[in-house]
>>> print(open('entry_32.cif').read())   # mmCIF, C-alpha atoms
data_work
loop_
_atom_site.label_atom_id
_atom_site.label_comp_id
_atom_site.auth_asym_id
_atom_site.auth_seq_id
_atom_site.Cartn_x
_atom_site.Cartn_y
_atom_site.Cartn_z
CA MET A 8 -36.07 25.54 -3.48
CA SER A 9 -38.90 23.16 -2.70
CA ALA A 10 -38.30 20.24 -0.37
CA THR A 11 -40.61 18.11 -2.53
CA VAL A 12 -38.73 17.18 -5.66
CA ALA A 13 -39.97 15.63 -8.86
CA GLY A 14 -38.66 13.41 -11.61
CA THR A 15 -38.65 9.77 -12.63
CA GLU A 16 -35.24 9.25 -14.26
CA ARG A 17 -33.86 5.81 -13.37
CA HIS A 18 -30.22 5.44 -12.46
CA PRO A 19 -28.81 1.99 -13.28
CA TRP A 20 -26.21 2.02 -10.50
CA ILE A 21 -29.01 1.94 -7.95
CA THR A 22 -30.38 -1.55 -7.40
CA HIS A 23 -34.18 -1.68 -7.40
CA ASP A 24 -35.38 -4.38 -5.00
CA GLY A 25 -39.09 -3.73 -5.40
CA SER A 26 -39.49 -2.25 -1.92
CA ALA A 27 -39.51 1.37 -3.08
CA ASP A 28 -38.96 3.46 -6.15
CA GLU A 29 -35.41 4.47 -6.96
CA PRO A 30 -34.42 7.69 -5.18
CA VAL A 31 -35.35 10.95 -6.89
CA LEU A 32 -33.38 13.99 -5.78
CA ALA A 33 -33.66 16.25 -8.83
CA GLY A 34 -34.03 19.88 -7.75
CA ALA A 35 -33.08 19.30 -4.11
CA ARG A 36 -30.29 21.28 -2.48
CA ILE A 37 -28.29 19.11 -0.06
CA LEU A 38 -25.73 20.51 2.38
CA PHE A 39 -23.12 18.35 4.12
CA VAL A 40 -21.76 19.79 7.36
CA VAL A 41 -18.57 18.10 8.62
CA ASN A 42 -16.02 19.15 11.23
CA VAL A 43 -13.02 19.21 8.85
CA ASP A 44 -12.58 19.14 5.07
CA TRP A 45 -10.32 16.07 4.96
CA PHE A 46 -12.88 13.98 6.83
CA PHE A 47 -15.52 14.86 4.24
CA LEU A 48 -13.17 13.81 1.44
CA SER A 49 -12.22 10.52 3.09
CA HIS A 50 -15.65 9.49 4.37
CA ARG A 51 -18.50 11.34 2.61
CA LEU A 52 -17.39 12.30 -0.89
CA PRO A 53 -18.98 9.17 -2.47
CA LEU A 54 -22.35 10.20 -0.99
CA ALA A 55 -22.03 13.69 -2.44
CA ARG A 56 -21.23 12.24 -5.85
CA ALA A 57 -24.21 9.88 -5.63
CA ALA A 58 -26.60 12.69 -4.69
CA ARG A 59 -25.34 14.86 -7.53
CA GLU A 60 -25.77 11.95 -9.96
CA LEU A 61 -29.41 11.81 -8.90
CA GLY A 62 -29.88 15.47 -9.75
CA ALA A 63 -29.26 17.20 -6.43
CA GLU A 64 -27.29 20.39 -5.95
CA VAL A 65 -24.65 19.52 -3.34
CA CYS A 66 -22.80 21.91 -1.00
CA VAL A 67 -20.26 21.33 1.77
CA ALA A 68 -19.53 23.31 4.94
CA SER A 69 -16.52 22.51 7.11
CA THR A 70 -13.33 23.86 8.60
CA ASP A 71 -10.82 24.52 5.83
CA THR A 72 -7.53 22.79 6.69
CA GLY A 73 -6.18 23.21 3.16
CA GLN A 74 -8.35 20.66 1.36
CA ALA A 75 -11.21 22.97 0.32
CA SER A 76 -9.81 23.30 -3.19
CA ARG A 77 -10.19 19.55 -3.68
CA ILE A 78 -13.85 19.82 -2.72
CA ARG A 79 -14.37 22.68 -5.16
CA ASP A 80 -12.56 20.69 -7.85
CA GLU A 81 -15.31 18.11 -7.45
CA GLY A 82 -17.78 20.77 -8.56
CA LEU A 83 -19.21 21.18 -5.04
CA ALA A 84 -19.85 24.57 -3.47
CA PHE A 85 -17.71 24.98 -0.36
CA HIS A 86 -18.62 27.16 2.63
CA PRO A 87 -15.86 27.60 5.23
CA ILE A 88 -16.99 27.43 8.82
CA THR A 89 -14.81 26.88 11.87
CA PHE A 90 -15.37 24.16 14.45
CA SER A 91 -12.99 24.14 17.40
CA ARG A 92 -11.83 20.56 17.95
CA LYS A 93 -9.61 21.11 20.98
CA GLY A 94 -11.56 22.89 23.61
CA SER A 95 -14.96 24.16 24.58
CA ARG A 96 -14.56 27.92 24.94
CA LEU A 97 -18.07 29.31 25.08
CA SER A 98 -17.34 32.14 22.63
CA GLU A 99 -16.02 29.72 19.99
CA GLU A 100 -18.93 27.34 20.39
CA ALA A 101 -21.48 30.14 20.19
CA SER A 102 -19.76 31.51 17.09
CA ALA A 103 -19.99 28.13 15.36
CA LEU A 104 -23.69 27.83 16.21
CA PHE A 105 -24.62 31.31 14.97
CA SER A 106 -22.45 30.91 11.86
CA LEU A 107 -24.32 27.72 10.97
CA ALA A 108 -27.72 29.34 11.45
CA SER A 109 -26.65 32.23 9.21
CA LEU A 110 -25.31 29.80 6.59
CA TYR A 111 -28.55 27.80 6.57
CA ARG A 112 -30.64 30.94 6.07
CA ARG A 113 -28.38 32.00 3.21
CA VAL A 114 -28.02 28.64 1.43
CA ARG A 115 -31.58 27.43 2.20
CA PRO A 116 -30.90 23.70 1.90
CA ASP A 117 -33.76 21.27 1.45
CA LEU A 118 -31.78 18.68 3.40
CA VAL A 119 -28.76 19.06 5.64
CA HIS A 120 -26.56 16.08 6.56
CA HIS A 121 -24.55 16.62 9.77
CA VAL A 122 -21.48 14.43 10.34
CA THR A 123 -19.49 14.18 13.64
CA ILE A 124 -20.48 15.44 17.07
CA LYS A 125 -20.32 19.23 16.90
CA PRO A 126 -22.02 19.52 13.50
CA VAL A 127 -24.77 17.23 14.85
CA LEU A 128 -25.27 19.16 18.09
CA TYR A 129 -24.88 22.71 16.78
CA GLY A 130 -26.15 22.05 13.28
CA SER A 131 -29.42 20.59 14.56
CA LEU A 132 -30.07 23.68 16.68
CA ALA A 133 -29.18 25.94 13.75
CA ALA A 134 -31.41 23.94 11.39
CA ARG A 135 -34.31 24.35 13.79
CA ALA A 136 -33.73 28.12 13.96
CA ALA A 137 -33.44 28.38 10.17
CA ALA A 138 -36.43 26.09 9.48
CA VAL A 139 -34.46 23.58 7.38
CA PRO A 140 -37.07 21.05 6.16
CA CYS A 141 -35.02 17.81 6.42
CA VAL A 142 -32.20 17.01 8.85
CA VAL A 143 -29.94 13.93 8.86
CA ASN A 144 -27.61 13.42 11.82
CA ALA A 145 -24.83 10.87 11.32
CA ILE A 146 -23.61 9.39 14.62
CA THR A 147 -20.16 8.12 13.64
CA GLY A 148 -19.44 6.56 17.01
CA LEU A 149 -19.88 8.05 20.47
CA GLY A 150 -16.24 9.01 20.99
CA THR A 151 -15.28 10.02 24.52
CA MET A 152 -18.60 11.65 25.33
CA PHE A 153 -20.17 8.48 26.75
CA SER A 154 -17.02 7.09 28.36
CA SER A 155 -16.95 6.83 32.15
CA GLU A 156 -13.14 6.89 32.08
CA GLN A 157 -12.69 10.30 30.53
CA GLU A 158 -12.35 13.63 32.29
CA ALA A 159 -15.20 14.75 30.02
CA ARG A 160 -17.57 12.56 32.03
CA ARG A 161 -18.60 15.58 34.08
CA PHE A 162 -20.26 16.84 30.88
CA HIS A 163 -22.08 13.52 30.42
CA MET A 164 -25.55 14.69 31.41
CA VAL A 165 -25.15 17.96 29.52
CA ILE A 166 -24.12 16.14 26.34
CA GLN A 167 -27.03 13.73 26.69
CA HIS A 168 -29.41 16.66 27.00
CA LEU A 169 -27.92 18.35 23.93
CA TYR A 170 -28.20 15.11 21.96
CA ARG A 171 -31.83 14.75 23.03
CA ILE A 172 -32.57 18.23 21.68
CA ALA A 173 -30.52 17.69 18.52
CA LEU A 174 -32.10 14.34 17.67
CA GLY A 175 -35.62 15.43 18.54
CA ARG A 176 -36.38 16.11 14.88
CA GLY A 177 -35.11 14.77 11.58
CA CYS A 178 -33.43 11.38 11.66
CA ALA A 179 -30.28 9.78 13.00
CA ILE A 180 -27.97 7.39 11.15
CA PHE A 181 -26.11 4.94 13.39
CA GLN A 182 -23.18 2.85 12.19
CA ASN A 183 -23.60 -0.01 14.65
CA PRO A 184 -26.60 -1.41 16.52
CA ASP A 185 -25.01 -1.00 19.96
CA ASP A 186 -24.87 2.80 19.64
CA ARG A 187 -28.43 2.93 18.36
CA GLU A 188 -29.71 0.73 21.19
CA LEU A 189 -27.92 2.87 23.79
CA MET A 190 -29.35 6.14 22.47
CA VAL A 191 -32.86 4.71 22.11
CA ASP A 192 -32.82 3.07 25.56
CA GLN A 193 -31.73 6.35 27.17
CA GLY A 194 -34.61 8.17 25.50
CA ILE A 195 -32.32 10.35 23.41
CA VAL A 196 -33.88 9.45 20.06
CA ALA A 197 -37.06 7.66 18.97
CA ALA A 198 -36.41 4.25 17.40
CA ASP A 199 -38.58 4.99 14.35
CA ARG A 200 -36.42 8.02 13.53
CA THR A 201 -33.22 5.98 13.34
CA VAL A 202 -31.53 4.13 10.50
CA LEU A 203 -28.65 1.65 10.68
CA ILE A 204 -26.10 2.20 7.87
CA ARG A 205 -22.93 0.35 8.79
CA GLY A 206 -20.06 2.70 8.09
CA SER A 207 -19.08 4.86 5.15
CA GLY A 208 -18.28 1.95 2.83
CA VAL A 209 -15.13 0.96 0.99
CA ASP A 210 -14.10 1.20 -2.64
CA CYS A 211 -13.45 -2.44 -3.52
CA ASP A 212 -11.97 -1.41 -6.87
CA ARG A 213 -9.19 0.56 -5.13
CA PHE A 214 -8.66 -1.84 -2.25
CA VAL A 215 -7.96 -5.22 -3.81
CA PRO A 216 -6.18 -8.36 -2.60
CA THR A 217 -2.48 -8.52 -3.43
CA PRO A 218 0.14 -11.23 -2.86
CA PRO A 219 1.63 -11.38 0.64
CA PRO A 220 4.53 -8.95 1.01
CA PRO A 221 7.96 -10.58 0.74
CA GLY A 222 10.41 -10.79 3.62
CA ARG A 223 9.63 -10.43 7.30
CA PRO A 224 5.90 -10.15 8.09
CA VAL A 225 4.65 -6.61 8.69
CA VAL A 226 2.03 -5.89 11.34
CA VAL A 227 0.43 -2.46 10.83
CA LEU A 228 -1.71 -0.28 13.05
CA PRO A 229 -3.11 2.35 10.63
CA SER A 230 -4.81 5.15 12.54
CA ARG A 231 -4.55 8.61 13.93
CA MET A 232 -1.93 8.41 16.66
CA LEU A 233 -4.24 8.54 19.67
CA TRP A 234 -3.94 6.68 22.96
CA ASP A 235 -7.65 5.82 22.61
CA LYS A 236 -6.87 3.98 19.36
CA GLY A 237 -4.75 1.52 21.34
CA VAL A 238 -1.35 2.81 20.26
CA GLY A 239 0.16 2.13 23.68
CA THR A 240 -1.34 -1.37 23.78
CA PHE A 241 0.14 -2.11 20.35
CA VAL A 242 3.62 -0.97 21.39
CA GLU A 243 3.44 -3.12 24.52
CA ALA A 244 2.30 -6.12 22.44
CA ALA A 245 5.20 -5.54 20.04
CA ARG A 246 7.62 -5.64 23.00
CA LEU A 247 6.11 -8.92 24.21
CA LEU A 248 6.40 -10.53 20.78
CA ARG A 249 9.97 -9.37 20.31
CA ASP A 250 10.88 -10.74 23.73
CA ARG A 251 9.42 -14.08 22.58
CA GLY A 252 11.68 -14.10 19.54
CA CYS A 253 9.02 -13.12 16.98
CA ASP A 254 10.75 -11.99 13.77
CA ALA A 255 8.35 -9.39 12.41
CA ARG A 256 8.12 -5.66 11.81
CA PHE A 257 5.61 -3.65 13.84
CA VAL A 258 4.46 -0.43 12.21
CA LEU A 259 2.49 2.60 13.37
CA ALA A 260 1.04 4.31 10.27
CA GLY A 261 -0.56 7.66 10.96
CA ALA A 262 0.04 11.13 12.31
CA PRO A 263 -0.71 12.69 15.69
CA ASP A 264 -3.99 14.60 15.76
CA ASP A 265 -3.31 17.83 17.61
CA GLY A 266 -7.04 18.56 17.72
CA ASN A 267 -7.65 15.55 19.95
CA PRO A 268 -6.90 15.51 23.70
CA THR A 269 -5.72 11.88 23.57
CA MET A 270 -3.01 12.55 20.98
CA VAL A 271 0.22 10.57 21.30
CA PRO A 272 3.06 13.15 21.33
CA GLU A 273 5.38 13.06 18.33
CA ALA A 274 8.39 12.84 20.66
CA CYS A 275 6.97 9.59 22.04
CA LEU A 276 6.48 8.17 18.54
CA ARG A 277 9.99 9.11 17.52
CA GLY A 278 11.37 7.62 20.71
CA TRP A 279 9.73 4.25 20.02
CA ASN A 280 10.98 4.36 16.45
CA ASP A 281 14.55 5.15 17.52
CA GLU A 282 14.42 2.43 20.15
CA GLY A 283 13.42 -0.07 17.46
CA VAL A 284 10.38 -1.49 19.21
CA VAL A 285 8.12 -0.22 16.41
CA GLU A 286 8.54 1.71 13.17
CA TRP A 287 6.64 4.97 12.85
CA TRP A 288 5.82 5.68 9.22
CA GLY A 289 3.76 8.82 9.79
CA HIS A 290 0.77 9.92 7.73
CA GLN A 291 -0.06 7.78 4.70
CA ASP A 292 -1.82 9.21 1.65
CA ASP A 293 -1.88 5.96 -0.33
CA MET A 294 -3.87 3.54 1.81
CA PRO A 295 -4.15 0.77 -0.84
CA SER A 296 -0.34 0.65 -1.02
CA LEU A 297 -0.11 0.55 2.76
CA MET A 298 -2.47 -2.42 2.89
CA ALA A 299 -0.42 -4.18 0.21
CA ARG A 300 2.66 -3.84 2.46
CA ALA A 301 0.86 -5.32 5.48
CA SER A 302 0.76 -8.96 6.50
CA VAL A 303 -1.63 -8.29 9.40
CA VAL A 304 -3.72 -5.20 10.18
CA THR A 305 -4.63 -4.42 13.76
CA LEU A 306 -6.73 -1.82 15.56
CA PRO A 307 -6.65 -2.36 19.35
CA THR A 308 -8.91 0.64 19.90
CA PHE A 309 -10.98 1.40 22.97
CA TYR A 310 -12.41 4.55 21.39
CA LYS A 311 -16.18 4.33 20.89
CA GLU A 312 -16.04 3.69 17.14
CA GLY A 313 -18.83 3.73 14.56
CA VAL A 314 -17.43 1.27 12.03
CA PRO A 315 -13.68 1.95 11.55
CA LYS A 316 -13.07 2.69 7.87
CA VAL A 317 -9.52 1.35 8.08
CA LEU A 318 -10.89 -2.09 8.98
CA LEU A 319 -13.20 -1.99 5.95
CA GLU A 320 -10.16 -1.17 3.82
CA ALA A 321 -8.15 -4.01 5.37
CA ALA A 322 -10.95 -6.50 4.72
CA ALA A 323 -11.39 -5.34 1.10
CA ALA A 324 -7.62 -5.67 0.59
CA GLY A 325 -7.75 -9.27 1.80
CA ARG A 326 -5.74 -8.72 4.97
CA PRO A 327 -6.35 -10.61 8.23
CA ILE A 328 -7.38 -8.38 11.12
CA VAL A 329 -6.88 -8.29 14.88
CA ALA A 330 -9.16 -5.76 16.57
CA SER A 331 -10.76 -4.97 19.90
CA ASP A 332 -13.94 -6.80 20.78
CA ILE A 333 -16.06 -3.64 20.99
CA PRO A 334 -19.01 -2.14 19.08
CA GLY A 335 -18.04 -1.03 15.60
CA CYS A 336 -15.11 -3.39 15.22
CA ARG A 337 -17.51 -6.32 15.64
CA GLU A 338 -19.46 -5.18 12.58
CA ILE A 339 -16.62 -5.96 10.17
CA VAL A 340 -14.40 -8.42 12.10
CA ARG A 341 -16.00 -11.84 12.52
CA ASP A 342 -14.00 -13.68 15.15
CA GLY A 343 -12.43 -16.84 13.68
CA GLU A 344 -13.67 -16.01 10.17
CA ASN A 345 -11.74 -13.00 8.87
CA GLY A 346 -9.87 -12.01 11.99
CA THR A 347 -9.57 -12.20 15.75
CA LEU A 348 -11.35 -10.07 18.33
CA VAL A 349 -9.46 -9.46 21.58
CA PRO A 350 -10.32 -7.68 24.84
CA ALA A 351 -9.61 -3.97 24.66
CA LYS A 352 -6.49 -2.72 26.48
CA SER A 353 -5.00 -6.23 26.78
CA ALA A 354 -1.50 -6.25 25.32
CA GLU A 355 -1.15 -9.94 26.21
CA ALA A 356 -4.29 -10.94 24.27
CA LEU A 357 -3.25 -8.73 21.35
CA ALA A 358 0.24 -10.26 21.26
CA THR A 359 -1.17 -13.80 21.37
CA ALA A 360 -3.61 -13.15 18.51
CA ILE A 361 -0.98 -11.47 16.34
CA GLY A 362 1.51 -14.25 17.12
CA GLU A 363 -0.94 -16.93 15.98
CA LEU A 364 -1.42 -15.18 12.64
CA LEU A 365 2.30 -14.62 12.14
CA ALA A 366 2.92 -18.32 12.76
CA SER A 367 0.44 -19.44 10.08
CA PRO A 368 0.51 -18.10 6.50
CA GLN A 369 -2.42 -20.44 5.77
CA LEU A 370 -4.55 -18.81 8.48
CA ARG A 371 -3.65 -15.34 7.21
CA LYS A 372 -4.71 -16.38 3.71
CA ARG A 373 -8.02 -17.86 4.89
CA TYR A 374 -8.89 -14.82 6.98
CA GLY A 375 -7.93 -12.47 4.15
CA GLU A 376 -10.13 -14.26 1.61
CA ALA A 377 -13.08 -14.22 4.02
CA GLY A 378 -12.60 -10.51 4.71
CA ARG A 379 -12.70 -9.73 1.00
CA ARG A 380 -16.01 -11.62 0.66
CA ILE A 381 -17.51 -9.76 3.61
CA ALA A 382 -16.45 -6.38 2.22
CA LEU A 383 -17.91 -7.16 -1.22
CA ASN A 384 -21.17 -8.55 0.15
CA GLU A 385 -21.89 -6.00 2.86
CA PHE A 386 -19.73 -2.89 2.91
CA THR A 387 -19.15 -1.40 -0.56
CA GLU A 388 -19.47 2.34 -1.11
CA GLY A 389 -22.29 1.61 -3.54
CA GLN A 390 -24.30 -0.23 -0.88
CA VAL A 391 -23.88 2.63 1.59
CA ALA A 392 -24.78 5.17 -1.09
CA ARG A 393 -27.93 3.29 -2.07
CA GLN A 394 -29.18 3.17 1.52
CA THR A 395 -28.37 6.84 2.08
CA MET A 396 -29.98 8.04 -1.14
CA ARG A 397 -33.16 6.13 -0.29
CA LEU A 398 -33.13 7.81 3.11
CA TYR A 399 -32.82 11.24 1.46
CA HIS A 400 -35.66 10.37 -0.90
CA ASN A 401 -37.94 9.29 1.94
CA LEU A 402 -37.23 12.40 3.99
CA LEU A 403 -37.85 14.71 1.05
CA HIS A 404 -40.96 12.99 -0.25
CA GLN A 405 -42.47 11.42 2.89
CA PRO A 406 -41.52 13.65 5.83
CA GLY A 407 -42.42 12.10 9.17
CA ALA A 408 -42.77 8.55 7.84
CA PRO A 409 -41.11 5.75 9.89
CA LEU A 410 -37.63 4.88 8.67
CA SER A 411 -36.92 1.45 10.16
CA HIS A 412 -37.39 -0.32 6.81
CA LEU A 413 -34.37 1.55 5.43
CA SER A 414 -31.85 -0.01 7.83
CA GLY A 415 -29.16 -2.33 6.54
CA SER A 416 -28.81 -5.91 7.68
#
>>> encode(input="entry_32.cif", output="structure tokens")
Amino acid sequence: MSATVAGTERHPWITHDGSADEPVLAGARILFVVNVDWFFLSHRLPLARAARELGAEVCVASTDTGQASRIRDEGLAFHPITFSRKGSRLSEEASALFSLASLYRRVRPDLVHHVTIKPVLYGSLAARAAAVPCVVNAITGLGTMFSSEQEARRFHMVIQHLYRIALGRGCAIFQNPDDRELMVDQGIVAADRTVLIRGSGVDCDRFVPTPPPPGRPVVVLPSRMLWDKGVGTFVEAARLLRDRGCDARFVLAGAPDDGNPTMVPEACLRGWNDEGVVEWWGHQDDMPSLMARASVVTLPTFYKEGVPKVLLEAAAAGRPIVASDIPGCREIVRDGENGTLVPAKSAEALATAIGELLASPQLRKRYGEAGRRIALNEFTEGQVARQTMRLYHNLLHQPGAPLSHLSGS
């Protein structure tokens, strides 16, 4: 399969702004490599659909957690490959690397799109060994790898070195400018091989504004149940507000992630629920319905986010937001416009910001309307797909050309 593809069919869903021809992917074989199948479905499926619409053959490789059949039902070839998410046993890591190299030689993709840390690190090495023509590495936040407060800090220099090797060819997509600036300043990636595409987008036809829920206001933290996502800070803020006589419901919506070392134990979640300080609703499949039940959405994370998808969904659904004042969250939450940004790890600041919103239905309405406008103007799935398809086109047709003109605003 040639990396240089041909064709001139125009696709009306792609906006032509005169800066470049519409993307042409006909005849290209594109392989997405993601750590787990459910993450591909929640964050990258629209890109796969867009590439297929433009004539590409699309394949997916990830760990099969039971969702592979849904990927196949989309008409996408699925290749199971196991990434260990819990530890770093050398034998498991080496197996993942060699399995990827073998897969690339067998599938022979024209372009491979790596998503999340291990696919980026191992996939880039495998792509080099298998001579894959075009490589896209999506940096969806820096996680704990660049945090000075994590036990993993002893691996800091090793991880930097691996990133430098991984990002030495192909291109890197960053979701926020802070992450890109950090990686460029540290000499990990060349600036002209980076593109800023802010998040994975949101379906503004599924997430729509609804009337405020009746009864007591509901404050929701929708996330994996990780300490790094600010779960403990939220529970402490809920205690403070209850002690101040605030009549609201405080909800944790999400499941523990047993593949993450900062998982909140289920016993802890159940204990809070039984105590009555918060309600734990567990995993939620229907996120639009969850947003419709929320009066305020909060994410007091101190995890190094890319652009949190749940905040895009909250904005599209017209819900006011309280989030940490950190990279990623700042991309979608404009302080005083569609939400409030608070210092990370401060339960007092979080409680104050939530309390102000609970005390003012008018403020909640104003923030919600502004969030909807921001989502429509800047963060739709279509906008993200257009940027990404143009990136694919440039890599396939103009390998080595600078990519800075492809970055979003």
>>> atom_distance(input="entry_32.cif", atom1="atom CA of Thr387 of chain A", atom2="atom CA of Ile328 of chain A")
18.0 Å
>>> resolve_selection(input="entry_32.cif", expression="the PyMOL selection byres ((chain A and resi 332-342) around 10)", output="compact mmCIF listing (two decimals) with C-alpha atoms, in the frame of the given file")
# COMPACT_ATOMS: atom_id res chain seq x y z
CA THR A 147 -20.16 8.12 13.64
CA GLY A 148 -19.44 6.56 17.01
CA GLN A 182 -23.18 2.85 12.19
CA ASN A 183 -23.60 -0.01 14.65
CA PRO A 184 -26.60 -1.41 16.52
CA ASP A 185 -25.01 -1.00 19.96
CA ASP A 186 -24.87 2.80 19.64
CA ARG A 205 -22.93 0.35 8.79
CA GLY A 206 -20.06 2.70 8.09
CA LEU A 306 -6.73 -1.82 15.56
CA PRO A 307 -6.65 -2.36 19.35
CA THR A 308 -8.91 0.64 19.90
CA PHE A 309 -10.98 1.40 22.97
CA TYR A 310 -12.41 4.55 21.39
CA LYS A 311 -16.18 4.33 20.89
CA GLU A 312 -16.04 3.69 17.14
CA GLY A 313 -18.83 3.73 14.56
CA VAL A 314 -17.43 1.27 12.03
CA PRO A 315 -13.68 1.95 11.55
CA LYS A 316 -13.07 2.69 7.87
CA LEU A 318 -10.89 -2.09 8.98
CA LEU A 319 -13.20 -1.99 5.95
CA ALA A 321 -8.15 -4.01 5.37
CA ALA A 322 -10.95 -6.50 4.72
CA PRO A 327 -6.35 -10.61 8.23
CA ILE A 328 -7.38 -8.38 11.12
CA VAL A 329 -6.88 -8.29 14.88
CA ALA A 330 -9.16 -5.76 16.57
CA SER A 331 -10.76 -4.97 19.90
CA GLY A 343 -12.43 -16.84 13.68
CA GLU A 344 -13.67 -16.01 10.17
CA ASN A 345 -11.74 -13.00 8.87
CA GLY A 346 -9.87 -12.01 11.99
CA THR A 347 -9.57 -12.20 15.75
CA LEU A 348 -11.35 -10.07 18.33
CA VAL A 349 -9.46 -9.46 21.58
CA PRO A 350 -10.32 -7.68 24.84
CA ALA A 351 -9.61 -3.97 24.66
CA TYR A 374 -8.89 -14.82 6.98
CA ALA A 377 -13.08 -14.22 4.02
CA GLY A 378 -12.60 -10.51 4.71
CA ILE A 381 -17.51 -9.76 3.61
CA ALA A 382 -16.45 -6.38 2.22
CA GLU A 385 -21.89 -6.00 2.86
CA PHE A 386 -19.73 -2.89 2.91
>>> closest_residue(input="entry_32.cif", among="A:Ile146, A:Glu320, A:Ser109, A:Gly177", to="Gln405 of chain A", atoms="all atoms listed in the file")
A:Gly177
>>> atom_distance(input="entry_32.cif", atom1="atom CA of Phe241 of chain A", atom2="atom CA of Pro263 of chain A")
15.5 Å
>>> residues_around(input="entry_32.cif", residues="Glu64 of chain A", least_positions_apart="3", cutoff="10 Å", atoms="all atoms listed in the file", output="ChimeraX atom specification")
/A:32-38,55,58-61,82-84,116-117
>>> resolve_selection(input="entry_32.cif", expression="the PyMOL selection byres ((chain A and resi 191) around 12)", output="CSV table (one decimal) with C-alpha atoms, in the frame of the given file")
chain,number,residue,atom,x,y,z
A,167,GLN,CA,-27.0,13.7,26.7
A,170,TYR,CA,-28.2,15.1,22.0
A,171,ARG,CA,-31.8,14.8,23.0
A,174,LEU,CA,-32.1,14.3,17.7
A,175,GLY,CA,-35.6,15.4,18.5
A,179,ALA,CA,-30.3,9.8,13.0
A,181,PHE,CA,-26.1,4.9,13.4
A,184,PRO,CA,-26.6,-1.4,16.5
A,185,ASP,CA,-25.0,-1.0,20.0
A,186,ASP,CA,-24.9,2.8,19.6
A,187,ARG,CA,-28.4,2.9,18.4
A,188,GLU,CA,-29.7,0.7,21.2
A,189,LEU,CA,-27.9,2.9,23.8
A,190,MET,CA,-29.4,6.1,22.5
A,192,ASP,CA,-32.8,3.1,25.6
A,193,GLN,CA,-31.7,6.4,27.2
A,194,GLY,CA,-34.6,8.2,25.5
A,195,ILE,CA,-32.3,10.4,23.4
A,196,VAL,CA,-33.9,9.4,20.1
A,197,ALA,CA,-37.1,7.7,19.0
A,198,ALA,CA,-36.4,4.2,17.4
A,199,ASP,CA,-38.6,5.0,14.4
A,200,ARG,CA,-36.4,8.0,13.5
A,201,THR,CA,-33.2,6.0,13.3
A,202,VAL,CA,-31.5,4.1,10.5
>>> closest_residue(input="entry_32.cif", among="A:Ala57, A:Ile361, A:Val391, A:Ala68", to="Val209 of chain A", atoms="only C-alpha atoms")
A:Val391
>>> atom_distance(input="entry_32.cif", atom1="atom CA of Phe39 of chain A", atom2="atom CA of Ala260 of chain A")
28.6 Å
>>> closest_residue(input="entry_32.cif", among="A:Leu228, A:Ala101, A:Ala136, A:Gly266", to="Thr72 of chain A", atoms="all atoms listed in the file")
A:Gly266
>>> decode(input="entry_32.cif", residues="segment 348-372 of chain A", atoms="C-alpha atoms", output="tab-separated table (two decimals), in the first residue's frame")
chain	number	residue	atom	x	y	z
A	348	LEU	CA	-11.22	28.09	37.96
A	349	VAL	CA	-9.90	27.31	41.45
A	350	PRO	CA	-6.48	26.34	42.82
A	351	ALA	CA	-5.89	22.61	42.63
A	352	LYS	CA	-6.16	20.65	45.91
A	353	SER	CA	-7.99	23.49	47.70
A	354	ALA	CA	-11.24	22.18	49.17
A	355	GLU	CA	-11.99	25.64	50.59
A	356	ALA	CA	-11.70	27.36	47.18
A	357	LEU	CA	-13.74	24.58	45.56
A	358	ALA	CA	-16.48	24.86	48.19
A	359	THR	CA	-16.62	28.65	47.82
A	360	ALA	CA	-16.92	28.48	44.02
A	361	ILE	CA	-19.59	25.77	44.12
A	362	GLY	CA	-21.47	27.66	46.84
A	363	GLU	CA	-21.59	30.83	44.73
A	364	LEU	CA	-23.11	28.93	41.82
A	365	LEU	CA	-25.63	27.12	44.01
A	366	ALA	CA	-26.74	30.47	45.44
A	367	SER	CA	-27.44	31.99	42.01
A	368	PRO	CA	-29.61	30.26	39.37
A	369	GLN	CA	-29.02	33.31	37.16
A	370	LEU	CA	-25.24	32.82	37.28
A	371	ARG	CA	-25.62	29.11	36.51
A	372	LYS	CA	-27.77	29.99	33.50
